[in-house]
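> Structure: model.cif, mmCIF, C-alpha atoms.
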data_target
#
loop_
_atom_site.label_atom_id
_atom_site.label_comp_id
_atom_site.auth_asym_id
_atom_site.auth_seq_id
_atom_site.Cartn_x
_atom_site.Cartn_y
_atom_site.Cartn_z
CA MET A 1 42.62 -31.19 -14.00
CA ASP A 2 39.71 -31.46 -11.56
CA ASP A 3 36.63 -29.33 -12.23
CA ASP A 4 37.15 -27.60 -8.88
CA ALA A 5 40.61 -26.50 -10.00
CA ARG A 6 39.41 -24.74 -13.14
CA ASP A 7 38.97 -21.00 -13.09
CA TRP A 8 35.73 -20.55 -15.05
CA SER A 9 36.06 -16.77 -14.84
CA LEU A 10 38.89 -16.97 -17.43
CA LEU A 11 36.64 -18.21 -20.25
CA PRO A 12 36.73 -15.92 -23.32
CA LEU A 13 34.21 -13.09 -23.07
CA ASP A 14 32.84 -13.66 -26.58
CA LEU A 15 32.14 -17.30 -25.73
CA LEU A 16 30.46 -16.31 -22.48
CA ARG A 17 28.30 -13.78 -24.31
CA LYS A 18 27.16 -16.35 -26.89
CA LEU A 19 26.31 -18.85 -24.16
CA GLY A 20 24.48 -16.26 -22.08
CA GLU A 21 22.38 -14.98 -24.97
CA MET A 22 21.03 -18.50 -25.49
CA LEU A 23 19.49 -18.58 -22.01
CA HIS A 24 16.00 -17.58 -20.92
CA ILE A 25 15.73 -14.42 -18.83
CA PRO A 26 15.77 -16.07 -15.37
CA HIS A 27 18.87 -18.10 -16.25
CA ARG A 28 20.54 -15.02 -17.75
CA ILE A 29 20.00 -13.19 -14.47
CA VAL A 30 21.72 -15.96 -12.52
CA PHE A 31 24.43 -16.20 -15.22
CA ARG A 32 25.42 -12.59 -14.45
CA THR A 33 25.78 -13.34 -10.72
CA VAL A 34 28.45 -16.05 -11.09
CA CYS A 35 31.42 -13.68 -11.13
CA LYS A 36 32.43 -10.26 -12.44
CA SER A 37 33.79 -11.55 -15.75
CA TRP A 38 30.55 -13.44 -16.51
CA CYS A 39 28.54 -10.39 -15.53
CA SER A 40 30.53 -8.05 -17.78
CA ALA A 41 30.33 -10.49 -20.70
CA LEU A 42 26.53 -10.30 -20.86
CA PRO A 43 24.73 -6.96 -21.31
CA SER A 44 22.46 -5.62 -18.62
CA ILE A 45 19.03 -7.21 -18.83
CA VAL A 46 15.88 -5.22 -19.61
CA PHE A 47 12.89 -7.01 -18.09
CA PRO A 48 9.84 -6.94 -20.36
CA TYR A 49 7.43 -6.47 -17.42
CA PRO A 50 6.91 -7.78 -13.91
CA TRP A 51 6.12 -11.43 -13.35
CA LEU A 52 3.60 -13.27 -11.24
CA LEU A 53 5.16 -15.88 -8.99
CA LEU A 54 2.61 -18.70 -8.93
CA PRO A 55 1.98 -20.98 -5.95
CA ALA A 56 3.58 -24.41 -6.14
CA GLU A 57 1.06 -27.09 -7.06
CA GLN A 58 3.39 -30.04 -6.42
CA ILE A 59 6.45 -30.94 -4.43
CA ASP A 60 9.54 -30.14 -6.48
CA ASP A 61 12.50 -27.76 -6.49
CA SER A 62 11.17 -25.31 -9.06
CA CYS A 63 8.96 -22.24 -9.09
CA THR A 64 6.69 -21.01 -11.87
CA PHE A 65 6.60 -17.46 -13.20
CA LEU A 66 3.86 -16.00 -15.36
CA SER A 67 4.73 -13.07 -17.63
CA LEU A 68 2.13 -10.40 -18.21
CA PRO A 69 0.54 -10.17 -21.65
CA SER A 70 1.51 -7.23 -23.82
CA ASP A 71 -0.65 -5.99 -26.70
CA ASN A 72 -2.07 -8.88 -28.77
CA GLU A 73 -0.08 -11.41 -26.79
CA HIS A 74 -1.04 -14.15 -24.36
CA CYS A 75 0.46 -14.85 -20.98
CA SER A 76 3.44 -17.18 -21.04
CA SER A 77 4.84 -19.13 -18.13
CA PHE A 78 8.18 -20.70 -17.38
CA LYS A 79 9.67 -22.76 -14.57
CA PHE A 80 12.92 -22.04 -12.85
CA SER A 81 15.00 -24.12 -10.45
CA PRO A 82 16.63 -24.85 -8.14
CA VAL A 83 14.96 -23.23 -5.16
CA PRO A 84 13.95 -24.59 -1.75
CA PRO A 85 10.69 -26.58 -2.04
CA LEU A 86 7.78 -24.13 -2.16
CA HIS A 87 4.90 -26.60 -1.99
CA GLY A 88 2.74 -25.73 1.01
CA MET A 89 4.46 -22.36 1.41
CA ARG A 90 2.53 -19.13 1.39
CA TYR A 91 3.84 -16.01 -0.34
CA ALA A 92 3.31 -13.31 2.28
CA GLY A 93 5.23 -10.41 0.73
CA SER A 94 7.74 -9.38 -1.94
CA ASN A 95 10.22 -6.55 -2.48
CA THR A 96 13.22 -5.99 -4.78
CA GLY A 97 13.54 -9.53 -6.04
CA TRP A 98 12.90 -11.21 -2.69
CA VAL A 99 9.80 -13.06 -1.47
CA ALA A 100 8.65 -13.68 2.11
CA ILE A 101 7.51 -17.29 2.50
CA VAL A 102 5.73 -18.81 5.53
CA ASP A 103 5.37 -22.53 6.18
CA LEU A 104 2.63 -24.35 8.09
CA ALA A 105 4.57 -24.09 11.35
CA PHE A 106 4.70 -20.27 11.11
CA ASN A 107 8.40 -20.32 10.19
CA ILE A 108 9.24 -17.40 7.89
CA SER A 109 12.16 -16.68 5.58
CA LEU A 110 13.07 -14.30 2.79
CA LEU A 111 13.86 -16.07 -0.49
CA ASN A 112 15.48 -14.91 -3.70
CA PRO A 113 13.88 -17.46 -6.08
CA LEU A 114 16.43 -16.81 -8.83
CA THR A 115 19.60 -17.36 -6.79
CA GLY A 116 18.17 -19.66 -4.10
CA ALA A 117 19.55 -17.35 -1.39
CA GLN A 118 17.48 -17.58 1.79
CA ILE A 119 17.38 -15.51 4.99
CA HIS A 120 15.69 -17.11 7.98
CA LEU A 121 13.69 -14.77 10.19
CA PRO A 122 12.43 -15.54 13.71
CA SER A 123 9.36 -17.79 13.88
CA PHE A 124 5.98 -16.13 14.39
CA LEU A 125 5.32 -18.60 17.22
CA PRO A 126 4.39 -18.37 19.98
CA ILE A 127 1.27 -16.34 19.23
CA PRO A 128 -1.03 -15.45 22.14
CA ARG A 129 -4.25 -17.49 22.24
CA ILE A 130 -2.98 -19.99 19.61
CA GLU A 131 -2.02 -23.45 20.85
CA PRO A 132 -0.41 -26.04 18.52
CA LEU A 133 -2.14 -29.45 18.56
CA PRO A 134 0.06 -31.75 16.43
CA ASN A 135 -2.06 -34.81 17.13
CA CYS A 136 -5.14 -33.01 15.82
CA GLY A 137 -3.44 -31.58 12.72
CA GLY A 138 -3.92 -27.94 13.56
CA TYR A 139 -4.03 -25.13 16.11
CA LEU A 140 -6.48 -24.49 18.93
CA CYS A 141 -7.49 -20.81 18.87
CA HIS A 142 -8.98 -19.30 22.01
CA ASN A 143 -11.57 -16.53 21.98
CA PRO A 144 -9.97 -13.39 23.50
CA HIS A 145 -13.31 -12.44 25.10
CA ASP A 146 -14.21 -15.89 26.44
CA ASN A 147 -11.51 -18.31 27.56
CA SER A 148 -13.97 -21.18 27.53
CA ASP A 149 -14.68 -20.62 23.84
CA SER A 150 -12.11 -22.10 21.44
CA TYR A 151 -12.04 -23.51 17.93
CA LEU A 152 -9.71 -25.74 15.93
CA PHE A 153 -8.02 -24.45 12.79
CA GLU A 154 -6.18 -26.65 10.32
CA TYR A 155 -2.53 -25.67 9.91
CA GLU A 156 -2.95 -23.92 6.56
CA THR A 157 -6.20 -22.18 7.50
CA CYS A 158 -4.73 -20.86 10.74
CA ARG A 159 -1.59 -19.54 9.05
CA ASP A 160 -3.47 -17.83 6.25
CA TYR A 161 -6.06 -16.34 8.60
CA PHE A 162 -3.71 -14.77 11.12
CA ILE A 163 -0.75 -13.73 8.90
CA ASN A 164 -1.94 -11.14 6.41
CA LYS A 165 1.20 -9.59 4.94
CA VAL A 166 4.96 -9.33 5.56
CA VAL A 167 6.80 -6.17 4.51
CA PHE A 168 10.59 -6.01 4.57
CA SER A 169 13.48 -3.72 3.69
CA SER A 170 15.00 -3.61 0.22
CA ASN A 171 17.96 -5.80 -0.75
CA PRO A 172 18.08 -7.74 2.55
CA THR A 173 21.10 -9.70 3.77
CA PRO A 174 21.41 -12.05 6.77
CA ASN A 175 23.13 -9.29 8.72
CA ASN A 176 21.05 -6.37 7.49
CA TYR A 177 17.28 -6.65 7.22
CA MET A 178 14.14 -5.21 8.83
CA ALA A 179 10.60 -6.55 8.59
CA MET A 180 7.07 -5.82 9.79
CA VAL A 181 4.00 -8.07 9.74
CA ILE A 182 0.28 -7.33 9.50
CA ARG A 183 -1.62 -9.83 11.64
CA HIS A 184 -5.35 -10.43 11.69
CA GLU A 185 -6.81 -9.70 15.13
CA TYR A 186 -3.36 -8.77 16.44
CA PRO A 187 -1.27 -5.56 16.46
CA THR A 188 1.54 -5.21 13.95
CA ALA A 189 4.98 -6.47 14.97
CA TYR A 190 8.55 -6.06 13.78
CA THR A 191 11.90 -7.82 13.76
CA LYS A 192 15.34 -7.15 12.29
CA ALA A 193 18.82 -8.62 12.06
CA GLY A 194 20.17 -9.32 15.53
CA ILE A 195 16.73 -9.81 17.12
CA SER A 196 15.53 -13.36 17.80
CA LYS A 197 11.78 -12.65 18.00
CA TRP A 198 8.93 -10.50 16.71
CA ILE A 199 8.14 -7.49 18.91
CA SER A 200 4.62 -6.08 19.03
CA LEU A 201 4.12 -2.37 18.35
CA ASP A 202 0.61 -2.46 19.89
CA ILE A 203 -0.90 -0.79 16.80
CA PRO A 204 -3.30 -2.55 14.41
CA VAL A 205 -2.78 -1.43 10.79
CA LEU A 206 -4.42 -1.89 7.39
CA ASP A 207 -1.33 -1.76 5.18
CA ILE A 208 2.42 -1.21 5.37
CA ILE A 209 4.92 -0.16 2.75
CA TYR A 210 8.70 0.14 2.93
CA HIS A 211 10.17 3.26 1.31
CA ASP A 212 13.53 4.99 1.59
CA GLY A 213 14.55 3.37 4.87
CA LEU A 214 11.21 3.76 6.66
CA PHE A 215 8.06 1.68 7.11
CA TYR A 216 4.84 3.58 6.46
CA ALA A 217 1.73 2.15 8.10
CA LEU A 218 -1.90 2.97 7.27
CA ARG A 219 -4.36 3.11 10.16
CA CYS A 220 -8.13 3.60 10.09
CA VAL A 221 -9.30 5.43 7.00
CA SER A 222 -6.39 7.70 6.11
CA GLU A 223 -4.03 8.02 9.08
CA VAL A 224 -0.38 7.30 8.24
CA TYR A 225 2.54 6.61 10.59
CA ALA A 226 6.23 6.26 9.71
CA PHE A 227 8.39 3.80 11.66
CA ASP A 228 12.17 4.01 11.80
CA LEU A 229 13.49 0.61 12.91
CA SER A 230 17.18 1.31 12.32
CA GLY A 231 18.00 2.24 15.92
CA ASP A 232 17.91 0.32 19.18
CA ASN A 233 14.24 1.19 19.64
CA PRO A 234 11.58 1.91 17.00
CA VAL A 235 10.73 5.56 16.41
CA LYS A 236 7.16 6.41 15.39
CA LYS A 237 6.19 9.63 13.62
CA VAL A 238 2.71 10.76 12.61
CA ILE A 239 2.72 11.66 8.92
CA ILE A 240 -1.02 12.20 8.42
CA ASP A 241 -3.30 12.76 11.41
CA LEU A 242 -6.70 11.11 11.29
CA PHE A 243 -8.44 14.21 12.64
CA ASN A 244 -6.87 16.51 10.07
CA SER A 245 -7.39 14.38 6.98
CA ASP A 246 -10.33 13.20 4.94
CA ILE A 247 -10.90 11.37 1.68
CA LYS A 248 -13.46 12.86 -0.66
CA LEU A 249 -14.90 9.89 -2.51
CA SER A 250 -15.87 10.36 -6.15
CA ASP A 251 -19.51 10.09 -7.18
CA SER A 252 -18.83 6.92 -9.14
CA PHE A 253 -17.11 5.37 -6.14
CA LEU A 254 -19.92 6.38 -3.78
CA SER A 255 -22.51 4.88 -6.13
CA ARG A 256 -21.00 1.43 -5.75
CA SER A 257 -22.23 -1.02 -3.14
CA TYR A 258 -19.46 -3.24 -1.83
CA THR A 259 -18.96 -6.01 0.70
CA HIS A 260 -15.39 -5.24 1.70
CA GLN A 261 -12.77 -2.58 1.07
CA ASP A 262 -8.98 -2.98 0.96
CA LYS A 263 -6.52 -0.09 1.17
CA TYR A 264 -2.91 0.12 -0.02
CA LEU A 265 -0.14 2.68 0.30
CA ALA A 266 2.27 3.28 -2.60
CA PHE A 267 5.12 5.67 -3.29
CA SER A 268 6.01 6.97 -6.75
CA SER A 269 9.63 7.16 -7.90
CA THR A 270 9.54 10.88 -7.06
CA GLY A 271 8.44 10.28 -3.47
CA GLU A 272 4.72 11.09 -3.81
CA LEU A 273 2.45 9.12 -1.47
CA PHE A 274 -0.69 7.49 -2.85
CA LEU A 275 -3.62 5.69 -1.25
CA ILE A 276 -5.39 3.03 -3.33
CA MET A 277 -8.87 1.92 -2.28
CA ARG A 278 -10.28 -1.33 -3.63
CA CYS A 279 -13.97 -2.27 -3.43
CA ASN A 280 -14.86 -5.97 -3.36
CA ILE A 281 -18.29 -7.51 -3.84
CA TYR A 282 -19.99 -10.87 -4.21
CA VAL A 283 -21.06 -11.70 -7.75
CA ASP A 284 -23.01 -14.61 -9.20
CA ALA A 285 -20.96 -17.63 -10.22
CA PRO A 286 -21.77 -21.02 -11.79
CA ASN A 287 -23.65 -23.70 -9.85
CA ASP A 288 -25.70 -21.14 -7.92
CA THR A 289 -22.70 -19.91 -5.96
CA LYS A 290 -21.26 -16.48 -5.24
CA LYS A 291 -17.77 -15.25 -5.94
CA PHE A 292 -15.80 -12.51 -4.16
CA GLU A 293 -14.05 -10.17 -6.61
CA THR A 294 -12.89 -6.61 -7.14
CA GLU A 295 -15.59 -4.23 -8.36
CA SER A 296 -13.87 -0.84 -8.46
CA PHE A 297 -10.83 1.23 -7.49
CA MET A 298 -10.07 4.79 -6.45
CA ILE A 299 -6.66 6.46 -6.03
CA SER A 300 -5.85 9.54 -3.94
CA LYS A 301 -2.56 11.41 -3.65
CA TYR A 302 -1.33 12.99 -0.43
CA ASN A 303 -1.36 16.78 -0.62
CA CYS A 304 -0.31 18.55 2.58
CA GLU A 305 -1.69 21.84 1.25
CA SER A 306 -5.15 20.43 0.57
CA SER A 307 -7.90 20.84 3.16
CA SER A 308 -8.58 17.11 3.04
CA CYS A 309 -4.90 16.01 2.66
CA TRP A 310 -5.96 13.56 -0.07
CA ASP A 311 -6.80 14.51 -3.67
CA GLU A 312 -8.37 12.04 -6.09
CA VAL A 313 -6.19 11.03 -9.05
CA ARG A 314 -7.63 9.87 -12.39
CA CYS A 315 -4.42 9.76 -14.40
CA LEU A 316 -1.06 8.19 -13.58
CA GLY A 317 0.54 9.40 -16.80
CA ASN A 318 2.88 6.81 -18.29
CA LYS A 319 2.91 4.72 -15.11
CA SER A 320 0.93 1.87 -13.59
CA VAL A 321 0.77 0.68 -10.00
CA PHE A 322 1.07 -2.92 -8.78
CA ILE A 323 -0.77 -3.97 -5.64
CA GLY A 324 -1.51 -7.18 -3.77
CA MET A 325 0.62 -8.99 -1.21
CA ASN A 326 3.73 -7.19 -2.52
CA ASN A 327 5.37 -3.95 -1.46
CA ALA A 328 3.27 -1.75 -3.79
CA TYR A 329 5.18 0.11 -6.51
CA PHE A 330 4.80 2.21 -9.66
CA LEU A 331 6.42 1.23 -12.96
CA SER A 332 6.81 3.29 -16.13
CA ILE A 333 5.98 2.04 -19.62
CA GLU A 334 9.23 3.66 -20.76
CA ASP A 335 11.23 1.31 -18.52
CA PHE A 336 9.02 -1.75 -19.06
CA PRO A 337 8.00 -2.09 -22.73
CA GLY A 338 4.60 -3.70 -23.20
CA LEU A 339 3.28 -2.51 -19.85
CA ARG A 340 -0.16 -0.88 -19.88
CA ALA A 341 -0.12 2.77 -18.79
CA ASN A 342 -2.51 4.35 -16.26
CA CYS A 343 -3.60 0.98 -14.86
CA ILE A 344 -3.92 -0.67 -11.49
CA CYS A 345 -2.44 -4.16 -11.75
CA PHE A 346 -3.82 -6.27 -8.93
CA THR A 347 -3.67 -9.74 -7.47
CA ASP A 348 -5.98 -11.34 -4.98
CA THR A 349 -5.78 -10.68 -1.26
CA PHE A 350 -6.10 -13.31 1.42
CA GLU A 351 -9.28 -11.60 2.56
CA GLY A 352 -10.78 -12.30 -0.84
CA MET A 353 -9.39 -15.82 -1.00
CA ASN A 354 -10.79 -16.68 2.44
CA CYS A 355 -14.22 -15.36 1.43
CA ASN A 356 -14.18 -17.57 -1.63
CA ILE A 357 -13.15 -20.59 0.43
CA VAL A 358 -16.27 -20.07 2.53
CA LYS A 359 -18.36 -19.87 -0.62
CA GLY A 360 -16.70 -22.96 -2.08
CA ARG A 361 -15.13 -21.12 -5.02
CA THR A 362 -11.63 -20.77 -6.40
CA ASN A 363 -10.53 -17.21 -6.95
CA ALA A 364 -9.58 -15.38 -10.13
CA ASP A 365 -9.28 -11.88 -8.76
CA ILE A 366 -6.21 -10.94 -10.80
CA GLY A 367 -6.16 -8.40 -13.58
CA PHE A 368 -5.85 -4.80 -14.78
CA PHE A 369 -8.06 -1.80 -14.09
CA ASP A 370 -7.96 1.20 -16.44
CA LEU A 371 -8.10 4.17 -14.09
CA GLU A 372 -9.26 6.79 -16.60
CA GLN A 373 -11.93 4.62 -18.23
CA GLU A 374 -12.90 3.07 -14.88
CA LYS A 375 -13.12 -0.38 -16.36
CA PHE A 376 -11.30 -3.70 -16.21
CA GLU A 377 -9.12 -4.34 -19.24
CA CYS A 378 -8.78 -8.05 -18.55
CA ARG A 379 -8.75 -10.61 -15.81
CA LEU A 380 -6.31 -13.48 -15.81
CA PRO A 381 -7.80 -16.99 -15.82
CA SER A 382 -7.99 -18.88 -12.55
CA SER A 383 -6.92 -22.37 -11.66
CA GLU A 384 -9.54 -25.01 -11.01
CA LYS A 385 -7.60 -25.86 -7.86
CA LEU A 386 -7.93 -23.87 -4.67
CA LEU A 387 -4.49 -22.30 -4.33
CA PRO A 388 -3.06 -19.31 -2.48
CA PRO A 389 -2.90 -16.16 -4.63
CA PRO A 390 0.24 -15.44 -6.68
CA ILE A 391 2.44 -12.45 -5.95
CA TRP A 392 4.04 -9.72 -8.08
CA PHE A 393 7.76 -10.23 -8.55
CA VAL A 394 10.35 -7.94 -10.16
CA PRO A 395 13.90 -9.38 -10.38
CA SER A 396 16.43 -6.99 -8.93
CA ILE A 397 19.83 -8.51 -9.82
CA ASP A 398 21.25 -6.33 -12.54
CA SER A 399 24.70 -5.20 -11.53
CA CYS A 400 28.19 -6.61 -11.23
CA ASP A 401 28.69 -5.60 -7.60
CA ASP A 402 30.47 -8.04 -5.30
CA ASP A 403 27.30 -8.35 -3.17
CA ASN A 404 25.45 -9.82 -6.15
CA MET A 405 28.08 -12.45 -6.96
CA MET A 406 27.22 -16.01 -6.01
#
As structure tokens, how would this structure be written, given the file I've shared?


Amino acid sequence: MDDDARDWSLLPLDLLRKLGEMLHIPHRIVFRTVCKSWCSALPSIVFPYPWLLLPAEQIDDSCTFLSLPSDNEHCSSFKFSPVPPLHGMRYAGSNTGWVAIVDLAFNISLLNPLTGAQIHLPSFLPIPRIEPLPNCGGYLCHNPHDNSDSYLFEYETCRDYFINKVVFSSNPTPNNYMAMVIRHEYPTAYTKAGISKWISLDIPVLDIIYHDGLFYALRCVSEVYAFDLSGDNPVKKVIIDLFNSDIKLSDSFLSRSYTHQDKYLAFSSTGELFLIMRCNIYVDAPNDTKKFETESFMISKYNCESSSCWDEVRCLGNKSVFIGMNNAYFLSIEDFPGLRANCICFTDTFEGMNCNIVKGRTNADIGFFDLEQEKFECRLPSSEKLLPPPIWFVPSIDSCDDDNMM
């Protein structure tokens, strides 16, 4: 009998279970997506903690994940394949087991690195004031204030400078997805299934998060908009007005001198809205150089009954928050054994990476910040190579629904 004629779903369940239990976690996840009988044969998987998806250092068909260290343990890494080649790709966003990847030609797609499923989104090109110059190996960027002033960017530098972050809806499919992009020096834009281009919303933003069917965008210091992209035209609603909100900075936060500040929005599992502020500074590094890294954090929670709308938070209880290029989220130590409680788990931003490129340094701005103690618990070691920052990744395949079957 030909292999194609065999019905592998009819294998004995006890045999399938024994085979599945011998696999590493990523392979077990894919094992459960083959068909319903394979899924039911292997128990639901409890993930020990989120992973870091590392940038590809060479051309191959695998990706590398780094598990977070639990108490008295070191980080461990593992490779998984097959996936589309990721060398030269930039991780621009992640949500519910999917990663947004952008190539050097500004082509973007959503990738599930465990199943290899890929959803192609419209290209970011053309971009106003950016002219491709293939013979020169880059893009010619024109000064918006002086047409006679232009400068040449290499492909990778141009992509990483202008595309900050891509945020997309949960559990996307080719026929059902929505996405927004944060662009440096350009207003935010959106696309969705059925649209063949990115459409500008004419609003510059600092951060975007997808939650419960809506995109929440942070403007200025503390102004928040909600965008509903489900209809024929986007609907914008003001959630927090700039003129009626204020952030009261703590004394310890005010005492810090910083070079740059990043801001992130995050929703808790109960629907509470948080604003995370991240202070970055230059510090001394070997060989008489400077290094750009995180110096402090502060978290505020939205309170509509407060005079300032934002109240400082020093304790997250049994939860920790994950920020970086991902769709920020809270995780509980009860659901993820080994996870540190009351911590901010952070990866580098492209702002920080670009600053370190200028200073001739690789970046190691990845680690954990204890919110109550206001100190860094640990920082993960950096690579000697200059690579894009990794991204937080939480696998989402954990059911036997037909949509999850390969």

> Name the residues in contact with Ile119 of chain A at a cut-off of 9 Å, using all atoms listed in the file, excluding same-chain residues fewer than 3 positions from it; report them as a list in words.

Ile108, Ser109, Leu110, Leu111, Asn112, Pro172, Thr173 and Pro174 of chain A

> Have a look at A:Cys378, A:Val99, A:Leu68, A:Ala117 and name the one nearest to Val167 of chain A; count all atoms listed in the file.

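Nearest candidate to Val167 of chain A out of A:Cys378, A:Val99, A:Leu68, A:Ala117: A:Val99.
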
> Between atom CA of Pro85 of chain A and atom CA of Leu104 of chain A, what distance in Å does the model show, to one decimal?

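A separation of 13.1 Å between them.
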
> Can you tell me which residues surround Ser123 of chain A at a distance of at most 9 Å, considering all atoms listed in the file, apart from same-chain residues fewer than 4 positions away, and format the answer as an MDAnalysis selection string?

chainID A and resid 105:109 196:198

> Select, from A:Ile344, A:Arg90, A:His211, A:Tyr282, the residue with the minimum atom-to-atom distance to Tyr161 of chain A, counting all atoms listed in the file.

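Ranking A:Ile344, A:Arg90, A:His211, A:Tyr282 by distance to Tyr161 of chain A, first place goes to A:Arg90.
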
> Please evaluate the PyMOL selection byres ((chain A and resi 13) around 8) against the structure above and give the resulting residues as JSON, numbers by chain.

{"A": [11, 12, 14, 15, 16, 17, 37, 38, 41]}

> Once the PyMOL selection byres ((chain A and resi 128-140) around 8) has been evaluated on this model, what residues remain selected, and can you format them as a PyMOL selection string?

chain A and resi 126-127+141-144+150-155+158

> Given the PyMOL selection byres ((chain A and resi 374) around 10) and the file above, list the residues it selects as a list in words.

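Checked against the file, the PyMOL selection byres ((chain A and resi 374) around 10) matches Ser252, Phe253, Ser296, Phe297, Met298, Arg314, Cys343, Phe369, Asp370, Leu371, Glu372, Gln373, Lys375, Phe376 and Glu377 of chain A.
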
> By how many Å are atom CA of Cys304 of chain A and atom CA of Arg278 of chain A apart?

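Spanning atom CA of Cys304 of chain A to atom CA of Arg278 of chain A is a straight-line distance of 23.1 Å.
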
> Just to confirm, what's the straight-line distance from atom CA of Phe368 of chain A to atom CA of Asp212 of chain A in Å (one decimal)?

27.2 Å

> Restricting the calculation to all atoms listed in the file: of A:Ser170, A:Asp365, A:Asp160, A:Ile101, which residue gets closest to Val283 of chain A?

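For Val283 of chain A, the nearest of the candidates is A:Asp365.
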